[in-house]
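Content type mmCIF, C-alpha atoms, from the file coords_28.cif:
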data_data
#
loop_
_atom_site.group_PDB
_atom_site.id
_atom_site.type_symbol
_atom_site.label_atom_id
_atom_site.label_comp_id
_atom_site.auth_asym_id
_atom_site.auth_seq_id
_atom_site.Cartn_x
_atom_site.Cartn_y
_atom_site.Cartn_z
ATOM 1 C CA MET A 800 -25.197 24.212 7.004
ATOM 2 C CA ASN A 801 -25.795 22.467 10.315
ATOM 3 C CA ILE A 802 -23.579 23.517 13.234
ATOM 4 C CA ARG A 803 -25.076 20.718 15.341
ATOM 5 C CA SER A 804 -23.040 18.269 13.279
ATOM 6 C CA LEU A 805 -19.830 19.621 14.833
ATOM 7 C CA THR A 806 -17.995 17.204 17.119
ATOM 8 C CA ARG A 807 -15.899 17.704 20.250
ATOM 9 C CA GLY A 808 -12.810 17.324 18.096
ATOM 10 C CA ASP A 809 -14.042 20.185 15.922
ATOM 11 C CA GLY A 810 -14.401 22.265 19.085
ATOM 12 C CA VAL A 811 -10.725 21.629 19.900
ATOM 13 C CA VAL A 812 -9.821 22.597 16.318
ATOM 14 C CA ILE A 813 -11.745 25.865 16.616
ATOM 15 C CA GLY A 814 -10.212 26.716 19.988
ATOM 16 C CA ALA A 815 -6.666 25.989 18.793
ATOM 17 C CA ALA A 816 -7.207 28.072 15.648
ATOM 18 C CA VAL A 817 -8.350 31.054 17.733
ATOM 19 C CA LEU A 818 -5.278 30.669 19.967
ATOM 20 C CA LEU A 819 -3.012 30.500 16.903
ATOM 21 C CA PHE A 820 -4.613 33.639 15.466
ATOM 22 C CA ILE A 821 -3.930 35.485 18.747
ATOM 23 C CA ALA A 822 -0.324 34.222 18.777
ATOM 24 C CA SER A 823 0.241 35.733 15.331
ATOM 25 C CA PHE A 824 0.104 39.225 16.889
ATOM 26 C CA LEU A 825 2.831 38.455 19.435
ATOM 27 C CA ASP A 826 6.610 38.561 19.049
ATOM 28 C CA LEU A 827 8.277 35.867 16.957
ATOM 29 C CA TYR A 828 11.828 36.601 18.225
ATOM 30 C CA SER A 829 13.266 38.825 20.935
ATOM 31 C CA TYR A 830 16.820 40.127 21.321
ATOM 32 C CA SER A 831 18.483 41.740 24.293
ATOM 33 C CA ALA A 832 22.167 42.634 24.771
ATOM 34 C CA SER A 833 24.152 45.466 26.384
ATOM 35 C CA GLY A 834 21.035 47.281 27.437
ATOM 36 C CA PHE A 835 19.608 47.126 23.941
ATOM 37 C CA SER A 836 16.523 45.078 23.182
ATOM 38 C CA ASP A 837 14.517 44.487 20.053
ATOM 39 C CA SER A 838 11.899 42.104 18.777
ATOM 40 C CA GLN A 839 10.493 40.791 15.519
ATOM 41 C CA GLY A 840 6.782 40.223 15.091
ATOM 42 C CA VAL A 841 5.120 37.427 13.191
ATOM 43 C CA TRP A 842 3.742 39.796 10.571
ATOM 44 C CA ASP A 843 7.145 41.339 9.899
ATOM 45 C CA ASN A 844 7.558 38.385 7.541
ATOM 46 C CA LEU A 845 4.474 37.739 5.409
ATOM 47 C CA GLY A 846 5.667 34.245 4.603
ATOM 48 C CA THR A 847 5.457 33.351 8.284
ATOM 49 C CA GLY A 848 2.285 35.274 9.023
ATOM 50 C CA LEU A 849 0.251 34.261 5.984
ATOM 51 C CA GLY A 850 1.918 31.001 5.035
ATOM 52 C CA THR A 851 2.415 29.374 8.440
ATOM 53 C CA TYR A 852 0.030 30.933 10.942
ATOM 54 C CA MET A 853 -2.883 31.796 8.686
ATOM 55 C CA GLY A 854 -2.367 28.586 6.700
ATOM 56 C CA ALA A 855 -3.285 26.588 9.802
ATOM 57 C CA VAL A 856 -6.248 28.882 10.538
ATOM 58 C CA ILE A 857 -7.508 28.401 6.978
ATOM 59 C CA GLY A 858 -7.047 24.655 7.381
ATOM 60 C CA ALA A 859 -9.168 24.713 10.536
ATOM 61 C CA ALA A 860 -11.860 26.683 8.679
ATOM 62 C CA LEU A 861 -11.914 24.052 5.909
ATOM 63 C CA ILE A 862 -12.283 21.232 8.463
ATOM 64 C CA VAL A 863 -15.204 22.935 10.209
ATOM 65 C CA LEU A 864 -16.840 23.944 6.929
ATOM 66 C CA ASN A 865 -16.630 20.396 5.618
ATOM 67 C CA ARG A 866 -18.278 19.092 8.807
ATOM 68 C CA CYS A 867 -21.154 21.583 8.661
ATOM 69 C CA MET A 868 -22.050 21.019 5.011
ATOM 70 C CA PRO A 869 -24.735 18.388 4.264
ATOM 71 C CA GLN A 870 -22.581 16.811 1.570
ATOM 72 C CA GLN A 871 -18.809 16.581 1.473
ATOM 73 C CA ARG A 872 -17.168 18.852 -1.090
ATOM 74 C CA LYS A 873 -13.916 18.070 -2.881
ATOM 75 C CA VAL A 874 -11.087 20.143 -4.302
ATOM 76 C CA LEU A 875 -9.112 18.458 -7.091
ATOM 77 C CA GLY A 876 -10.545 15.158 -5.961
ATOM 78 C CA LEU A 877 -9.534 15.716 -2.312
ATOM 79 C CA ASP A 878 -11.963 16.076 0.542
ATOM 80 C CA LEU A 879 -12.031 19.560 2.104
ATOM 81 C CA GLY A 880 -11.360 18.056 5.521
ATOM 82 C CA MET A 881 -8.263 16.277 4.209
ATOM 83 C CA VAL A 882 -6.954 19.490 2.641
ATOM 84 C CA GLY A 883 -7.499 21.389 5.888
ATOM 85 C CA THR A 884 -5.765 18.654 7.907
ATOM 86 C CA GLY A 885 -2.779 18.848 5.564
ATOM 87 C CA PHE A 886 -2.536 22.606 6.151
ATOM 88 C CA THR A 887 -2.525 22.149 9.929
ATOM 89 C CA ILE A 888 0.156 19.441 9.851
ATOM 90 C CA LEU A 889 2.397 21.550 7.597
ATOM 91 C CA SER A 890 2.017 24.552 9.915
ATOM 92 C CA ALA A 891 2.913 22.525 13.019
ATOM 93 C CA TRP A 892 5.908 20.992 11.221
ATOM 94 C CA THR A 893 7.201 24.419 10.103
ATOM 95 C CA LEU A 894 6.773 26.024 13.526
ATOM 96 C CA PHE A 895 8.555 23.093 15.186
ATOM 97 C CA TRP A 896 11.713 23.574 13.124
ATOM 98 C CA THR A 897 11.460 27.351 13.444
ATOM 99 C CA LEU A 898 11.461 26.913 17.214
ATOM 100 C CA VAL A 899 14.346 24.433 17.130
ATOM 101 C CA ASP A 900 16.458 26.537 14.780
ATOM 102 C CA VAL A 901 16.329 29.810 16.690
ATOM 103 C CA PRO A 902 19.556 31.770 15.874
ATOM 104 C CA ASP A 903 22.193 32.310 18.531
ATOM 105 C CA HIS A 904 21.798 35.279 20.889
ATOM 106 C CA ILE A 905 18.110 35.436 19.949
ATOM 107 C CA SER A 906 15.248 34.126 22.066
ATOM 108 C CA ALA A 907 12.011 32.631 20.857
ATOM 109 C CA GLY A 908 9.180 35.065 21.370
ATOM 110 C CA ALA A 909 5.795 34.362 22.921
ATOM 111 C CA GLY A 910 4.217 34.283 19.482
ATOM 112 C CA LEU A 911 6.504 31.471 18.348
ATOM 113 C CA VAL A 912 6.120 29.337 21.481
ATOM 114 C CA LEU A 913 2.362 29.837 21.775
ATOM 115 C CA GLY A 914 1.938 29.430 18.029
ATOM 116 C CA PHE A 915 3.737 26.096 18.003
ATOM 117 C CA ILE A 916 1.626 24.770 20.901
ATOM 118 C CA ALA A 917 -1.602 25.897 19.224
ATOM 119 C CA ALA A 918 -0.566 24.455 15.842
ATOM 120 C CA LEU A 919 0.406 21.146 17.466
ATOM 121 C CA VAL A 920 -2.953 20.871 19.252
ATOM 122 C CA LEU A 921 -4.764 21.887 16.069
ATOM 123 C CA ALA A 922 -3.032 19.268 13.930
ATOM 124 C CA GLY A 923 -3.447 16.598 16.622
ATOM 125 C CA ALA A 924 -7.186 17.226 16.942
ATOM 126 C CA ALA A 925 -7.647 17.223 13.161
ATOM 127 C CA VAL A 926 -5.915 13.854 12.838
ATOM 128 C CA ALA A 927 -7.361 12.225 15.977
ATOM 129 C CA THR A 928 -11.036 13.186 15.584
ATOM 130 C CA PRO A 929 -11.890 10.440 13.027
ATOM 131 C CA LEU A 930 -9.982 7.888 15.128
ATOM 132 C CA VAL A 931 -10.935 8.636 18.756
ATOM 133 C CA PRO A 932 -14.600 7.963 19.687
ATOM 134 C CA ALA A 933 -14.456 10.448 22.578
ATOM 135 C CA LEU A 934 -13.795 13.268 20.102
ATOM 136 C CA GLN A 935 -16.656 12.211 17.818
ATOM 137 C CA GLY A 936 -19.424 13.144 20.245
ATOM 138 C CA ALA A 937 -21.656 16.079 19.409
ATOM 139 C CA LEU A 938 -20.213 19.467 20.394
ATOM 140 C CA ILE A 939 -23.696 20.959 20.880
ATOM 141 C CA PRO A 940 -26.043 18.571 22.734
ATOM 142 C CA ALA A 941 -29.161 17.658 20.790
ATOM 143 C CA PRO A 942 -32.264 19.369 22.222
ATOM 144 C CA LYS A 943 -35.060 17.208 23.424
ATOM 145 C CA PRO A 944 -38.147 17.422 21.205
ATOM 146 C CA VAL A 945 -40.685 19.725 22.806
ATOM 147 C CA ALA A 946 -43.637 18.132 21.072
ATOM 148 C CA PRO A 947 -43.518 15.008 18.935
ATOM 149 C CA GLY A 948 -46.030 16.537 16.514
ATOM 150 C CA PRO A 949 -48.819 14.485 14.995
ATOM 151 C CA TYR A 950 -46.726 11.330 15.129
ATOM 152 C CA GLY A 951 -46.026 9.567 18.361
ATOM 153 C CA ALA A 952 -47.994 11.989 20.524
ATOM 154 C CA GLN A 953 -48.864 10.514 23.907
ATOM 155 C CA PRO A 954 -52.283 11.223 25.403
ATOM 156 C CA PRO A 955 -52.409 13.089 28.728
ATOM 157 C CA THR A 956 -52.515 10.971 31.836
ATOM 158 C CA GLY A 957 -54.273 13.339 34.203
ATOM 159 C CA TYR A 958 -57.571 12.749 35.909
ATOM 160 C CA GLY A 959 -60.486 12.364 33.545
ATOM 161 C CA TYR A 960 -58.528 10.906 30.621
ATOM 162 C CA PRO A 961 -58.705 7.254 29.623
ATOM 163 C CA GLY A 962 -55.872 5.400 31.278
ATOM 164 C CA ALA A 963 -55.600 7.779 34.239
ATOM 165 C CA GLN A 964 -55.154 6.191 37.610
ATOM 166 C CA GLY A 965 -58.532 5.378 39.101
ATOM 167 C CA ALA A 966 -60.404 5.880 35.823
ATOM 168 C CA PRO A 967 -62.126 2.739 34.471
ATOM 169 C CA GLN A 968 -60.853 1.431 31.160
ATOM 170 C CA GLN A 969 -63.037 0.861 28.125
ATOM 171 C CA GLN A 970 -62.069 -1.577 25.402
ATOM 172 C CA TYR A 971 -61.046 0.077 22.148
ATOM 173 C CA GLY A 972 -63.982 0.195 19.769
ATOM 174 C CA ALA A 973 -66.616 -0.719 22.365
ATOM 175 C CA GLN A 974 -69.685 1.530 22.609
ATOM 176 C CA PRO A 975 -71.133 2.508 25.978
ATOM 177 C CA GLN A 976 -74.553 1.057 26.672
ATOM 178 C CA GLN A 977 -77.571 3.312 26.574
ATOM 179 C CA GLY A 978 -78.141 4.957 29.915
ATOM 180 C CA GLN A 979 -74.665 4.050 31.119
ATOM 181 C CA PRO A 980 -72.174 6.861 31.862
ATOM 182 C CA TYR A 981 -69.269 7.092 29.458
ATOM 183 C CA GLY A 982 -66.184 5.403 30.793
ATOM 184 C CA SER A 983 -67.978 3.147 33.257
ATOM 185 C CA PRO A 984 -67.050 -0.554 33.326
ATOM 186 C CA GLN A 985 -68.601 -2.688 30.595
ATOM 187 C CA PRO A 986 -70.713 -5.696 31.590
ATOM 188 C CA ALA A 987 -69.281 -9.128 30.946
ATOM 189 C CA PRO A 988 -70.272 -10.586 27.557
ATOM 190 C CA ALA A 989 -73.097 -13.061 27.490
ATOM 191 C CA GLN A 990 -72.198 -16.710 27.726
ATOM 192 C CA GLY A 991 -71.303 -18.091 24.309
ATOM 193 C CA ALA A 992 -70.545 -14.709 22.822
ATOM 194 C CA ALA A 993 -67.146 -14.460 21.181
ATOM 195 C CA PRO A 994 -64.845 -12.083 23.054
ATOM 196 C CA GLN A 995 -63.688 -9.057 21.072
ATOM 197 C CA GLN A 996 -60.056 -9.318 20.000
ATOM 198 C CA ALA A 997 -57.703 -6.558 21.059
ATOM 199 C CA ALA A 998 -56.193 -4.493 18.278
ATOM 200 C CA PRO A 999 -52.688 -5.639 17.353
ATOM 201 C CA ALA A 1000 -49.810 -3.487 18.538
ATOM 202 C CA ASP A 1001 -48.616 -1.346 15.622
ATOM 203 C CA PHE A 1002 -45.327 0.514 15.143
ATOM 204 C CA SER A 1003 -45.332 3.768 17.070
ATOM 205 C CA PRO A 1004 -43.420 6.630 15.389
ATOM 206 C CA PHE A 1005 -40.678 8.202 17.500
ATOM 207 C CA TRP A 1006 -38.004 10.871 17.346
ATOM 208 C CA PHE A 1007 -34.359 9.891 17.130
ATOM 209 C CA ALA A 1008 -30.870 11.289 16.556
ATOM 210 C CA VAL A 1009 -27.880 9.606 14.929
ATOM 211 C CA PRO A 1010 -24.417 9.457 16.578
ATOM 212 C CA VAL A 1011 -22.557 10.174 13.325
ATOM 213 C CA THR A 1012 -23.491 11.343 9.840
ATOM 214 C CA ARG A 1013 -25.410 8.616 8.002
ATOM 215 C CA PRO A 1014 -26.959 8.449 4.517
ATOM 216 C CA LEU A 1015 -30.683 8.249 3.906
ATOM 217 C CA PHE A 1016 -31.636 6.156 0.877
ATOM 218 C CA ALA A 1017 -34.729 6.350 -1.315
ATOM 219 C CA GLU A 1018 -37.641 4.064 -0.443
ATOM 220 C CA ASP A 1019 -37.538 2.455 -3.887
ATOM 221 C CA GLY A 1020 -34.180 0.836 -3.062
ATOM 222 C CA SER A 1021 -32.013 3.187 -5.114
ATOM 223 C CA PRO A 1022 -28.343 3.025 -4.004
ATOM 224 C CA THR A 1023 -27.923 6.803 -4.282
ATOM 225 C CA PRO A 1024 -28.530 8.668 -0.973
ATOM 226 C CA ILE A 1025 -31.235 11.330 -1.062
ATOM 227 C CA ALA A 1026 -30.064 13.059 2.125
ATOM 228 C CA GLU A 1027 -27.705 12.779 5.053
ATOM 229 C CA LEU A 1028 -28.762 12.609 8.688
ATOM 230 C CA ALA A 1029 -26.472 14.724 10.842
ATOM 231 C CA PRO A 1030 -25.774 14.327 14.574
ATOM 232 C CA GLY A 1031 -27.480 16.812 16.861
ATOM 233 C CA THR A 1032 -30.703 16.944 14.813
ATOM 234 C CA TRP A 1033 -33.921 15.088 15.640
ATOM 235 C CA TYR A 1034 -35.596 13.062 12.900
ATOM 236 C CA LEU A 1035 -38.906 11.219 12.872
ATOM 237 C CA ALA A 1036 -39.054 7.455 12.386
ATOM 238 C CA VAL A 1037 -42.394 6.759 10.703
ATOM 239 C CA GLU A 1038 -42.035 3.088 9.786
ATOM 240 C CA GLN A 1039 -39.871 0.078 10.515
ATOM 241 C CA ARG A 1040 -38.686 -2.316 7.808
ATOM 242 C CA GLY A 1041 -36.806 -5.118 9.450
ATOM 243 C CA ALA A 1042 -33.683 -3.611 10.992
ATOM 244 C CA ALA A 1043 -34.057 -0.411 8.931
ATOM 245 C CA LEU A 1044 -36.207 2.635 9.638
ATOM 246 C CA VAL A 1045 -38.147 4.881 7.309
ATOM 247 C CA ALA A 1046 -37.185 8.360 8.514
ATOM 248 C CA GLN A 1047 -38.588 11.775 7.715
ATOM 249 C CA THR A 1048 -36.303 14.821 7.601
ATOM 250 C CA GLN A 1049 -37.222 18.297 8.762
ATOM 251 C CA ASP A 1050 -37.980 19.401 5.204
ATOM 252 C CA GLY A 1051 -40.456 16.539 4.713
ATOM 253 C CA ARG A 1052 -38.296 14.121 2.713
ATOM 254 C CA ARG A 1053 -38.637 10.433 3.514
ATOM 255 C CA GLY A 1054 -36.092 7.694 3.067
ATOM 256 C CA VAL A 1055 -34.678 4.503 4.501
ATOM 257 C CA LEU A 1056 -32.025 4.603 7.234
ATOM 258 C CA GLN A 1057 -30.233 1.283 6.863
ATOM 259 C CA ASP A 1058 -27.738 1.680 9.702
ATOM 260 C CA THR A 1059 -29.691 2.175 12.941
ATOM 261 C CA SER A 1060 -26.933 1.173 15.364
ATOM 262 C CA GLY A 1061 -26.373 3.564 18.249
ATOM 263 C CA ILE A 1062 -29.303 5.878 17.508
ATOM 264 C CA GLN A 1063 -30.688 7.935 20.395
ATOM 265 C CA ARG A 1064 -34.434 7.827 20.869
ATOM 266 C CA GLY A 1065 -36.204 10.998 21.946
#
This entry written out as structure tokens:
Amino acid sequence: MNIRSLTRGDGVVIGAAVLLFIASFLDLYSYSASGFSDSQGVWDNLGTGLGTYMGAVIGAALIVLNRCMPQQRKVLGLDLGMVGTGFTILSAWTLFWTLVDVPDHISAGAGLVLGFIAALVLAGAAVATPLVPALQGALIPAPKPVAPGPYGAQPPTGYGYPGAQGAPQQQYGAQPQQGQPYGSPQPAPAQGAAPQQAAPADFSPFWFAVPVTRPLFAEDGSPTPIAELAPGTWYLAVEQRGAALVAQTQDGRRGVLQDTSGIQRG
């Protein structure tokens, strides 16, 4: 499971589920007349407590669980996220009519009002997250790679290293002349001598993160994904094949990322 794959919409779902769980311990109805007052709690009726309130909380748990898992799981052919969204919508719908149909001489309690608001926000976030780009951003920002590892490492640029400011440059592959200090300027080639060609610029591996979950396909062209790249995790691009990248996962698997749009380079 990868919690870095959670989105901002999932964060709203989690927050609303916590608020709904708290509301389940408050009063559902309150009654006051002739100096006499009474109240009914949510858990005085198990159908309301377990079926309506906890049904939405379970739905939120299914949505978050489905997002964290590397591969989507299904129940009776339905995606876990879809099942969880259905639970949240049903809970909001039930609480709405419970709030509208409060009996006469009885007031809606804090648990009913707060529960309806939380269920409405929960269902709205569950439905809107796949549709609103602002809710699809990563909930936990991706950490910057501390060290690129053996691939893509950049040499130091301090004094004394090749390429440092003020340090003379030496052509790649050239040998210093005998009696000449290392790193000193090379003499111009003799007239008629062919100049040495510079090495061609090769692909430089780099770290990247994907904006949304994307499949990683086998290098042999198989249509079946071998892994999924999740947002919030850094992966290493080791080769470029046209518009696609050959990426390496944290467990060492390599595959082809065909959709490279919107990736974030480290």
- Query: On this structure, which residues satisfy the PyMOL selection byres ((chain A and resi 921) around 8), written as a PyMOL selection string?
  - Reply: chain A and resi 811-812+815-816+855+859+887+917-920+922-925
- Query: Of the residues A:Gly914, A:Pro1004, A:Gly1051, A:Pro1014, which is the one nearest to Val856 (chain A), using only C-alpha atoms?
  - Reply: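 Nearest candidate to Val856 (chain A) out of A:Gly914, A:Pro1004, A:Gly1051, A:Pro1014: A:Gly914.
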- Task: Using all atoms listed in the file, find the one residue out of A:Arg1013, A:His904, A:Arg1040, A:Arg1064 that sits nearest to Ser829 (chain A).
- Result: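 The answer is A:His904, which sits nearest to Ser829 (chain A).
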- Task: Pull out every residue that the PyMOL selection byres ((chain A and resi 1021-1028) around 12) matches in the shown coordinates and put them as JSON, numbers by chain.
- Result: {"A": [800, 801, 803, 804, 866, 867, 868, 869, 870, 871, 1007, 1008, 1009, 1010, 1011, 1012, 1013, 1014, 1015, 1016, 1017, 1018, 1019, 1020, 1029, 1030, 1031, 1032, 1033, 1034, 1035, 1046, 1047, 1048, 1049, 1050, 1051, 1052, 1053, 1054, 1055, 1056, 1057, 1058, 1059, 1062]}
Mind dumping a table of every region 834-907 of chain A residue within 12 Å of region 927-932 of chain A, with the nearest atom pair and its distance in Å to one decimal, using all atoms listed in the file, sorted by chain and rising number, as JSON lines?
{"residue": "A:Ile862", "atom": "CA", "partner": "A:Thr928", "partner_atom": "CA", "distance": 10.8}
{"residue": "A:Val863", "atom": "CA", "partner": "A:Thr928", "partner_atom": "CA", "distance": 11.9}
{"residue": "A:Arg866", "atom": "CA", "partner": "A:Thr928", "partner_atom": "CA", "distance": 11.5}
{"residue": "A:Gly880", "atom": "CA", "partner": "A:Pro929", "partner_atom": "CA", "distance": 10.7}
{"residue": "A:Met881", "atom": "CA", "partner": "A:Pro929", "partner_atom": "CA", "distance": 11.2}
{"residue": "A:Thr884", "atom": "CA", "partner": "A:Ala927", "partner_atom": "CA", "distance": 10.4}
Would you mind exporting the chosen residues as a tab-separated table (two decimals), keeping the file's coordinate frame, restricted to C-alpha atoms?
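Result file part.tsv:
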chain	number	residue	atom	x	y	z
A	862	ILE	CA	-12.28	21.23	8.46
A	863	VAL	CA	-15.20	22.94	10.21
A	866	ARG	CA	-18.28	19.09	8.81
A	880	GLY	CA	-11.36	18.06	5.52
A	881	MET	CA	-8.26	16.28	4.21
A	884	THR	CA	-5.76	18.65	7.91
- Item | Neighbour list for Asp843 (chain A) as a count of residues only, cut-off 12 Å, only C-alpha atoms, skip fewer than 3 positions in-chain | 13
- Message: As an exercise, work out the distance from CA of Asp900 (chain A) to CA of Phe820 (chain A) in Å and give it to one decimal place.
- Response: 22.2 Å
- Message: Can you measure CA of Leu819 (chain A) to CA of Arg872 (chain A) for me? One decimal in Å is fine.
- Response: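 For CA of Leu819 (chain A) relative to CA of Arg872 (chain A), the distance reads 25.7 Å.
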- Query: CA of Ala822 (chain A) and CA of Ala909 (chain A), how far apart in Å?
  - Reply: 7.4 Å
Determine the axis-aligned bounding box of all atoms of region 1034-1041 of chain A present in the file, pad each side by 6 Å, and express its centre and edge lengths in Å to one decimal place as lines of an AutoDock Vina configuration file.
center_x = -39.0
center_y = 4.0
center_z = 10.4
size_x = 18.8
size_y = 30.2
size_z = 17.1
- Note on the structure: Shortest contact to Asp809 (chain A), candidates A:Val841, A:Leu879, A:Leu938, A:Ile905, atoms counted all atoms listed in the file, goes to A:Leu938
I need region 858-874 of chain A written out with N, CA and C atoms, as an mmCIF file, in the first residue's frame; please produce it.
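Once written, out32.cif looks like this:
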data_model
loop_
_atom_site.group_PDB
_atom_site.id
_atom_site.type_symbol
_atom_site.label_atom_id
_atom_site.label_comp_id
_atom_site.auth_asym_id
_atom_site.auth_seq_id
_atom_site.Cartn_x
_atom_site.Cartn_y
_atom_site.Cartn_z
ATOM 1 N N GLY A 858 -17.857 3.160 3.558
ATOM 2 C CA GLY A 858 -17.672 3.572 2.165
ATOM 3 C C GLY A 858 -16.428 4.409 1.980
ATOM 4 N N ALA A 859 -16.179 5.336 2.913
ATOM 5 C CA ALA A 859 -14.960 6.149 2.841
ATOM 6 C C ALA A 859 -13.718 5.272 2.968
ATOM 7 N N ALA A 860 -13.772 4.268 3.859
ATOM 8 C CA ALA A 860 -12.623 3.367 4.016
ATOM 9 C C ALA A 860 -12.357 2.589 2.732
ATOM 10 N N LEU A 861 -13.407 2.174 2.031
ATOM 11 C CA LEU A 861 -13.228 1.449 0.767
ATOM 12 C C LEU A 861 -12.603 2.348 -0.302
ATOM 13 N N ILE A 862 -13.017 3.624 -0.343
ATOM 14 C CA ILE A 862 -12.460 4.557 -1.322
ATOM 15 C C ILE A 862 -10.971 4.756 -1.081
ATOM 16 N N VAL A 863 -10.595 4.980 0.166
ATOM 17 C CA VAL A 863 -9.185 5.211 0.500
ATOM 18 C C VAL A 863 -8.369 3.950 0.277
ATOM 19 N N LEU A 864 -8.918 2.796 0.674
ATOM 20 C CA LEU A 864 -8.205 1.537 0.479
ATOM 21 C C LEU A 864 -7.961 1.264 -0.997
ATOM 22 N N ASN A 865 -8.954 1.521 -1.817
ATOM 23 C CA ASN A 865 -8.810 1.295 -3.252
ATOM 24 C C ASN A 865 -7.736 2.203 -3.855
ATOM 25 N N ARG A 866 -7.612 3.427 -3.319
ATOM 26 C CA ARG A 866 -6.605 4.358 -3.835
ATOM 27 C C ARG A 866 -5.197 3.936 -3.428
ATOM 28 N N CYS A 867 -5.059 3.364 -2.239
ATOM 29 C CA CYS A 867 -3.725 3.019 -1.738
ATOM 30 C C CYS A 867 -3.186 1.723 -2.323
ATOM 31 N N MET A 868 -4.054 0.851 -2.798
ATOM 32 C CA MET A 868 -3.604 -0.444 -3.299
ATOM 33 C C MET A 868 -2.963 -0.291 -4.677
ATOM 34 N N PRO A 869 -1.896 -1.059 -4.967
ATOM 35 C CA PRO A 869 -1.227 -0.932 -6.266
ATOM 36 C C PRO A 869 -2.096 -1.331 -7.442
ATOM 37 N N GLN A 870 -3.023 -2.238 -7.232
ATOM 38 C CA GLN A 870 -3.937 -2.657 -8.282
ATOM 39 C C GLN A 870 -5.365 -2.590 -7.755
ATOM 40 N N GLN A 871 -6.277 -2.133 -8.603
ATOM 41 C CA GLN A 871 -7.658 -1.993 -8.186
ATOM 42 C C GLN A 871 -8.298 -3.366 -7.958
ATOM 43 N N ARG A 872 -8.990 -3.494 -6.846
ATOM 44 C CA ARG A 872 -9.693 -4.728 -6.512
ATOM 45 C C ARG A 872 -11.181 -4.549 -6.799
ATOM 46 N N LYS A 873 -11.854 -5.658 -7.083
ATOM 47 C CA LYS A 873 -13.266 -5.612 -7.431
ATOM 48 C C LYS A 873 -14.061 -6.554 -6.545
ATOM 49 N N VAL A 874 -15.296 -6.180 -6.296
ATOM 50 C CA VAL A 874 -16.242 -6.994 -5.545
ATOM 51 C C VAL A 874 -17.456 -7.211 -6.431
#
